[in-house]
Amino acid sequence: MRTIKSEHIATLQHNPANIRNICILAHVDHGKTTIADSLIASNGIISQRLAGKLRYMDSRPDEQMRGITMKSSAISLHYKNDNSDHLINLIDSPGHVDFSSEVSTAVRLCDGAIIVVDVVEGVCPQTHVVLRQAWLENIKPVLVLNKIDRLITELKQSPMEAHLHLQQILEQVNAVTGTLFASDVMEKSANKSNGDQDTSQPVSVDQVYDWSAGLEETDDSNLYFSPDQGNVIFASAIDGWGFSISHFADMYASKLGIKVDILRKTLWGDFFLNSKTKRIMKGAQNKGKKPLFVQFVLENVWSVYETVLERRDKEKTEKIVKSLNLKISARDARHTDPKVHLHAILSQWIPLSKAVLSMVVDKLPSPLEICEERVEKLMCNAGRRLDSLPQQTQELKKDFLACDASPEKPTVIYISKMFTVENKTLPQNRQRPLTHEEIQQRREIARQRHQEKLAAMATEGSEEKQAEDNGTSGENTFEVAINTDKKEKEEDEFGESFIAFARIFSGTVKKGQKLFILGPKHDPSKALLQGKSAVSSETIHKIESGKHITEAIINEVYLLMGKELESMEEIPAGNIFGISGFEDHVLKSATASSTVACPAFTELTFEAAAIVRVAVEPKHPADMPFLVKGLKLLNQADPSVETLIQESGEHVVIAAGEVHLERCLDDLRDRFAKIEMSVSAPIVPFRETVIPPPKVDMVNEMIDCENQVQRVKDFDALKDEDTEITDDGLVQMKTANRLCTMHVRALPLPEQVTILLENNTDLIKVLDSVATVTNVSGKIDNSRLTSQMLEKLLEFKKSLGNAFQEAGKKWRNVLDQIWSFGPRRCGPNILLNRIDDYKRPSIWECLERDVDRTLSGLREFDNSVISGFQMASLAGPMCEEPMMGVCFAIEGWEVKDSEGQNGHNSRNDTEVIDRYGPFSGQVISTVKESCRVAFQTQPQRLMAAMYTCDVQTTAEVLGRMYAVLNKRNGRVQQEEMREGSAVFMVKALLPVAESFGFAEEIRKRTSGQASPQLFFSHWEVVASDPFWVPSTDEELLHFGEKADSENQARRYVDSVRRRKGLHVEEKIVEHAEKQRTLGKNK
């Protein structure tokens, strides 16, 4: 039975000093939800016997079926410690990599995190991810080393071996934390040193910074996890027990006659007890003594397991129960399962919930202790600094730090996601239990109705029969009205409502309160100047361009209790709660405030990129409106899913992985659209690129001059009367009216440059926007850039210049020749200006000040050239996929007037041609086609998206796992055996195109002993040439029509072209003969 009521929780919410907002983070299957069950059971919400089996926080049917958490959900718990009541707002988050966006939404709302690590599997890839997410959000973590029972029952380790193993696991976790700390300190010291320097003075290339200076000055004493600091719990959640060093220190202090503080410092570490002097000494390992942790802690736990599970010694079990002063219920004592006896003993002796909650209360901060650095990170969006914001906005920082719930303080709320609940589960629609008097009253009313119905049937039978024969239209109308009312009632009952998952940082939120919903591009300085900043009728679907504020009314505020909601009148600052009424104003996440001076919070960062996409369509065309509505609801309900309509008209759903995609499609089919759908095969993105001329062919034969002539591609099909191709790959193409000639060459970009461009897309967007404004106005204006953003852009320019310098001589002066980036003006392709008589201003000039320049005569159609390049790089010639790592150099641009004279040196001559008429379109199409032809003159390759695949498996099924990887063109990168166990850690690369069904197949082939985790890694060039044709006998044997192997790149290209409706060269059998058997010949 639940031990606390909502009224008491409402009282606790007004004391922020005793509130803890925490989340549970871990790798998949490390025991997060089981620990959450134990904490929930301590409040009487579920039974202690069901803890770990019920999975209370997994409210979705597919979560229960798969046994993994897919949605982060919150619950409020009560904990009493030292005569003071605490409110714990707990968020259980997923551990699967596909749902890491849910982890981001949970971490943003919390002040602390419980990191759970399986001591057998150790630090896994997702453990790295959640530690990094906690670090980036500036929240304090504590550690739970879970599943220690597996060291006893599975690995059969002795207490001494287990102690060494736990030390190694702890060192691994601290190594990850130390890496994050070091990188953060170095970044801060680098920014500080850059800020101290005078930007007007040139910086020497040979200047060397002392990166270690920041590490020596910064205090990291409280950074790492250590049991003697009280931030580590040793636990077995499935058996219901857990302890900290403090528990055993308090227990043994009186017995050993040693102070509690000394025991807390020495129970963990290289200390032992001298039996003669009864003193604690150092150097247990050197002297061959048992450490205190082994002697007084682990051996006691091991003896309980040995007695109850292995020996099943009832007499010794009873002695243990009596010596520990435990009370075992008669039901548990009679049970034949020793696991029940074990759980009953250990959960009373060292209860997990008490250990975890006491650590949370003692070691994790309250909302009052939020650090200034985190507040500034939240308030300063898009690289802005706090001192650059208006004074009213800067004053909000004090309200954040004070966490003041006074009515006069501004209300500031952050909504991390929107989630759906069924209307029938809302508190206002939930059936209230009837009292005894109400039940008696309803019985009496039902009895009277029954008697009236019998009397009416006896007296009016003939009238009803006559009415049925005549067919009265009024009754039919009445029936239609009843059916309509029933349908509307069913829609209201079985429909979905959106609830905002939020935290209030300042002020108090109440029912019926009006708040401003601030979009991500909201600028408080502009809003304060404009005065009227929102219109209440506007929603996210109708808001005008350029406006980023709407006004919404709060319908209800809810206390989140796992799968249930409880209605509240108000919620003060420092709490996590739910809001209804924002579904028309918030898409995924937003900031809500009572003042427009509040800035929009920094956007969430998602670790898993949405890369897997499918096209959906209704089976019945009449259901298309329901599909469109369902896609809008799905896009709003999931933090990382993307829905869009392609140019072909297809409705596409983009998800982070295969499991995430399955869940999205199930929700779309069963909850949002409620129609039958057809789903296409997964649409895998590819990239097109060119490479330097290879030296060997597909069968590793040297490409010399003789067979190069035989194998060179026939470019006659690419040539026409307006196109010429030179031997060195220069393409000359004329416009349709032959007044303009373009000279274009395609080159492969250096690999480091491509990676740099791919990783700095956001900076290139900012650079392009500033350069565009500069080009339009003719004046350099970078005043709207913050000094921090300007520094980042200059650092990016410097890194790009260094990458070009390292690439070789032909790239040394390329930086100032950059015309544009593409596709979408921010991609990993470059357009270069190598025209001798066109001195176009550099794209980097917008970052400088006081630079005079003159406009070139060919400036008139400059944008047309850029547009043609953007179109070419967005859809390559191989299969209309975007290009990557390609450089197009324009080496000549000749424009003639209508009389055939050269006009590229005169501005007046070019004005004769209408800038917005047919000629600008001809320039665009010519540049686009010349880029595509130049691309085809080089060795073309396809780039595939690659997953990093992490697999934990045993030696027995290692060969089967390798077979599945080889079948899907996987490549093993690393293999190592985990120390102290028979588990192998395998790291491999797997193409995304081959990953669908991979997890299921590998589990089937290995009987469930291997479970992979897939993370998007990078783009990789597919080695094979998609246009290579075998010619010799050996090549025909390996790659011909009847060969076993096939051209992987060609298969990918044909599949994409087939999906897009493009021409595919296929051999179709026209005159086939059916094989005749001997039986048919008779």
# chains A, B, ... in the order shown; residues from 1 in each chain; ligands from 1
>>> residues_around(residues="stretch 924-927 of chain A", least_positions_apart="2", cutoff="7 Å", atoms="only C-alpha atoms", output="number ranges by chain")
A: 733-735, 742, 864-865, 867-869, 920-922, 929-931
>>> write_last_selection(atoms="C-alpha atoms", output="JSON list (two decimals), in the first residue's frame")
[["chain", "number", "residue", "atom", "x", "y", "z"],
["A", 733, "MET", "CA", 30.51, 23.39, -71.82],
["A", 734, "LYS", "CA", 28.49, 26.14, -73.48],
["A", 735, "THR", "CA", 25.05, 27.42, -72.66],
["A", 742, "MET", "CA", 32.30, 27.20, -68.48],
["A", 864, "SER", "CA", 23.74, 31.44, -60.82],
["A", 865, "VAL", "CA", 27.12, 29.69, -60.73],
["A", 867, "SER", "CA", 23.14, 27.64, -57.59],
["A", 868, "GLY", "CA", 24.33, 25.30, -60.33],
["A", 869, "PHE", "CA", 27.07, 23.96, -58.05],
["A", 920, "SER", "CA", 20.57, 33.07, -65.70],
["A", 921, "GLY", "CA", 18.74, 29.75, -65.90],
["A", 922, "GLN", "CA", 21.00, 28.62, -68.72],
["A", 929, "GLU", "CA", 25.80, 19.69, -66.09],
["A", 930, "SER", "CA", 29.47, 20.61, -66.40],
["A", 931, "CYS", "CA", 30.04, 19.65, -62.76]]
>>> closest_residue(among="A:Val361, A:Val185, A:Leu518, A:Ile238", to="A:Ser347", atoms="only C-alpha atoms")
A:Ile238
>>> select_by_dssp(residues="stretch 12-199 of chain A", states="alpha helix (DSSP H)", output="PyMOL selection string")
chain A and resi 12+32-41+61-66+100-109+125-136+149-153+159-196
>>> residues_around(residues="A:Gly31", least_positions_apart="6", cutoff="8 Å", atoms="only C-alpha atoms", output="NGL selection string")
:A and (116 or 118 or 146-147 or 237)
>>> write_last_selection(atoms="N, CA and C atoms", output="short mmCIF file (atom, residue, chain, number, x, y, z; two decimals), in the first residue's frame")
data_model
loop_
_atom_site.label_atom_id
_atom_site.label_comp_id
_atom_site.auth_asym_id
_atom_site.auth_seq_id
_atom_site.Cartn_x
_atom_site.Cartn_y
_atom_site.Cartn_z
N VAL A 116 24.73 3.30 -13.43
CA VAL A 116 24.70 1.88 -13.08
C VAL A 116 25.63 1.12 -14.02
N ASP A 118 27.17 -2.84 -14.78
CA ASP A 118 27.19 -4.29 -14.54
C ASP A 118 28.64 -4.70 -14.30
N ASN A 146 26.43 -2.85 -9.99
CA ASN A 146 25.30 -3.77 -9.89
C ASN A 146 25.70 -5.19 -10.31
N LYS A 147 24.84 -6.13 -9.99
CA LYS A 147 24.94 -7.55 -10.38
C LYS A 147 26.19 -8.21 -9.77
N ALA A 237 20.60 -5.74 -7.61
CA ALA A 237 19.23 -5.25 -7.63
C ALA A 237 18.22 -6.38 -7.70
#
>>> residues_around(residues="stretch 292-301 of chain A", least_positions_apart="5", cutoff="9 Å", atoms="only C-alpha atoms", output="ChimeraX atom specification")
/A:158-160,162-163,245,248,252,266-273,280,284,306,346
>>> residues_around(residues="A:Glu880", least_positions_apart="2", cutoff="10 Å", atoms="only C-alpha atoms", output="count of residues only")
17
>>> residues_around(residues="A:Arg825", least_positions_apart="2", cutoff="10 Å", atoms="only C-alpha atoms", output="list in words")
Thr761, Ile764, Lys765, Leu767, Asp768, Ser769, Ser820, Phe821, Gly822, Pro823, Gly827, Pro828, Asn829, Ile830, Ile866, Ser867, Phe869, Gln870 and Ser873 of chain A
>>> closest_residue(among="A:Leu180, A:Leu50, A:Leu633, A:Val731", to="A:Gln938", atoms="only C-alpha atoms")
A:Val731
>>> atom_distance(atom1="atom CA of A:Ser416", atom2="atom CA of A:Ala502")
6.0 Å
>>> residues_around(residues="A:Ile890", least_positions_apart="3", cutoff="7 Å", atoms="only C-alpha atoms", output="CSV table (one decimal) with all heavy atoms, in the first residue's frame")
chain,number,residue,atom,x,y,z
A,743,HIS,N,34.5,26.3,-67.9
A,743,HIS,CA,35.6,25.4,-67.9
A,743,HIS,C,35.7,24.8,-66.4
A,743,HIS,O,36.1,25.6,-65.5
A,743,HIS,CB,36.9,26.0,-68.3
A,743,HIS,CG,36.9,26.7,-69.6
A,743,HIS,ND1,37.4,26.1,-70.8
A,743,HIS,CD2,36.4,27.9,-70.0
A,743,HIS,CE1,37.2,26.9,-71.8
A,743,HIS,NE2,36.6,28.0,-71.4
A,744,VAL,N,35.4,23.6,-66.2
A,744,VAL,CA,35.2,23.0,-64.9
A,744,VAL,C,36.1,21.7,-64.8
A,744,VAL,O,36.1,20.9,-65.8
A,744,VAL,CB,33.8,22.7,-64.6
A,744,VAL,CG1,33.6,22.1,-63.1
A,744,VAL,CG2,32.9,23.9,-64.7
A,745,ARG,N,36.7,21.6,-63.7
A,745,ARG,CA,37.5,20.4,-63.4
A,745,ARG,C,37.1,19.8,-62.0
A,745,ARG,O,36.9,20.6,-61.1
A,745,ARG,CB,39.0,20.7,-63.4
A,745,ARG,CG,39.9,19.4,-63.3
A,745,ARG,CD,41.4,19.8,-63.0
A,745,ARG,NE,41.9,20.7,-64.1
A,745,ARG,CZ,42.3,20.4,-65.2
A,745,ARG,NH1,42.4,19.1,-65.5
A,745,ARG,NH2,42.8,21.2,-66.1
A,832,LEU,N,35.7,26.1,-56.2
A,832,LEU,CA,36.9,27.0,-56.3
A,832,LEU,C,36.9,27.9,-57.5
A,832,LEU,O,36.3,27.6,-58.5
A,832,LEU,CB,38.2,26.2,-56.4
A,832,LEU,CG,38.6,25.2,-55.2
A,832,LEU,CD1,39.9,24.6,-55.5
A,832,LEU,CD2,38.6,26.0,-53.9
A,833,ASN,N,37.4,29.1,-57.2
A,833,ASN,CA,37.5,30.1,-58.3
A,833,ASN,C,38.9,30.2,-58.8
A,833,ASN,O,39.8,30.7,-58.1
A,833,ASN,CB,37.1,31.5,-57.7
A,833,ASN,CG,37.3,32.6,-58.7
A,833,ASN,OD1,37.4,32.4,-60.0
A,833,ASN,ND2,37.4,33.8,-58.3
A,834,ARG,N,39.2,29.6,-59.9
A,834,ARG,CA,40.6,29.6,-60.5
A,834,ARG,C,40.5,30.4,-61.9
A,834,ARG,O,41.3,30.0,-62.8
A,834,ARG,CB,41.1,28.2,-60.7
A,834,ARG,CG,41.5,27.6,-59.3
A,834,ARG,CD,42.1,26.2,-59.5
A,834,ARG,NE,42.6,25.7,-58.2
A,834,ARG,CZ,43.1,24.5,-58.0
A,834,ARG,NH1,43.2,23.7,-59.1
A,834,ARG,NH2,43.5,24.1,-56.9
A,835,ILE,N,39.7,31.3,-62.0
A,835,ILE,CA,39.6,32.1,-63.2
A,835,ILE,C,40.6,33.3,-63.1
A,835,ILE,O,40.6,34.0,-62.1
A,835,ILE,CB,38.1,32.7,-63.3
A,835,ILE,CG1,37.1,31.5,-63.3
A,835,ILE,CG2,38.0,33.5,-64.6
A,835,ILE,CD1,35.7,32.0,-63.2
>>> closest_residue(among="A:Ile40, A:Ile370, A:Leu170, A:Ile571", to="A:Ile504", atoms="only C-alpha atoms")
A:Ile571
>>> atom_distance(atom1="atom CA of A:Ser303", atom2="atom CA of A:Ala249")
19.1 Å
>>> atom_distance(atom1="atom CA of A:His522", atom2="atom CA of A:His585")
14.2 Å
>>> closest_residue(among="A:Ala999, A:Leu763, A:Cys124, A:Lys526", to="A:Gln788", atoms="only C-alpha atoms")
A:Leu763
>>> closest_residue(among="A:Met943, A:Ala527, A:Ile413, A:Val895", to="A:Leu515", atoms="only C-alpha atoms")
A:Ile413
>>> closest_atom_pairs(of="stretch 538-637 of chain A", to="stretch 388-406 of chain A", cutoff="7 Å", atoms="only C-alpha atoms", output="JSON lines")
{"residue": "A:Pro572", "atom": "CA", "partner": "A:Ala405", "partner_atom": "CA", "distance": 5.3}
{"residue": "A:Ala573", "atom": "CA", "partner": "A:Ala405", "partner_atom": "CA", "distance": 5.1}
{"residue": "A:Gly574", "atom": "CA", "partner": "A:Cys403", "partner_atom": "CA", "distance": 6.3}
{"residue": "A:Ala597", "atom": "CA", "partner": "A:Thr393", "partner_atom": "CA", "distance": 5.2}
{"residue": "A:Cys598", "atom": "CA", "partner": "A:Thr393", "partner_atom": "CA", "distance": 5.7}
>>> closest_residue(among="A:Leu756, A:Ser497, A:Ile68, A:Tyr305", to="A:Phe804", atoms="only C-alpha atoms")
A:Leu756
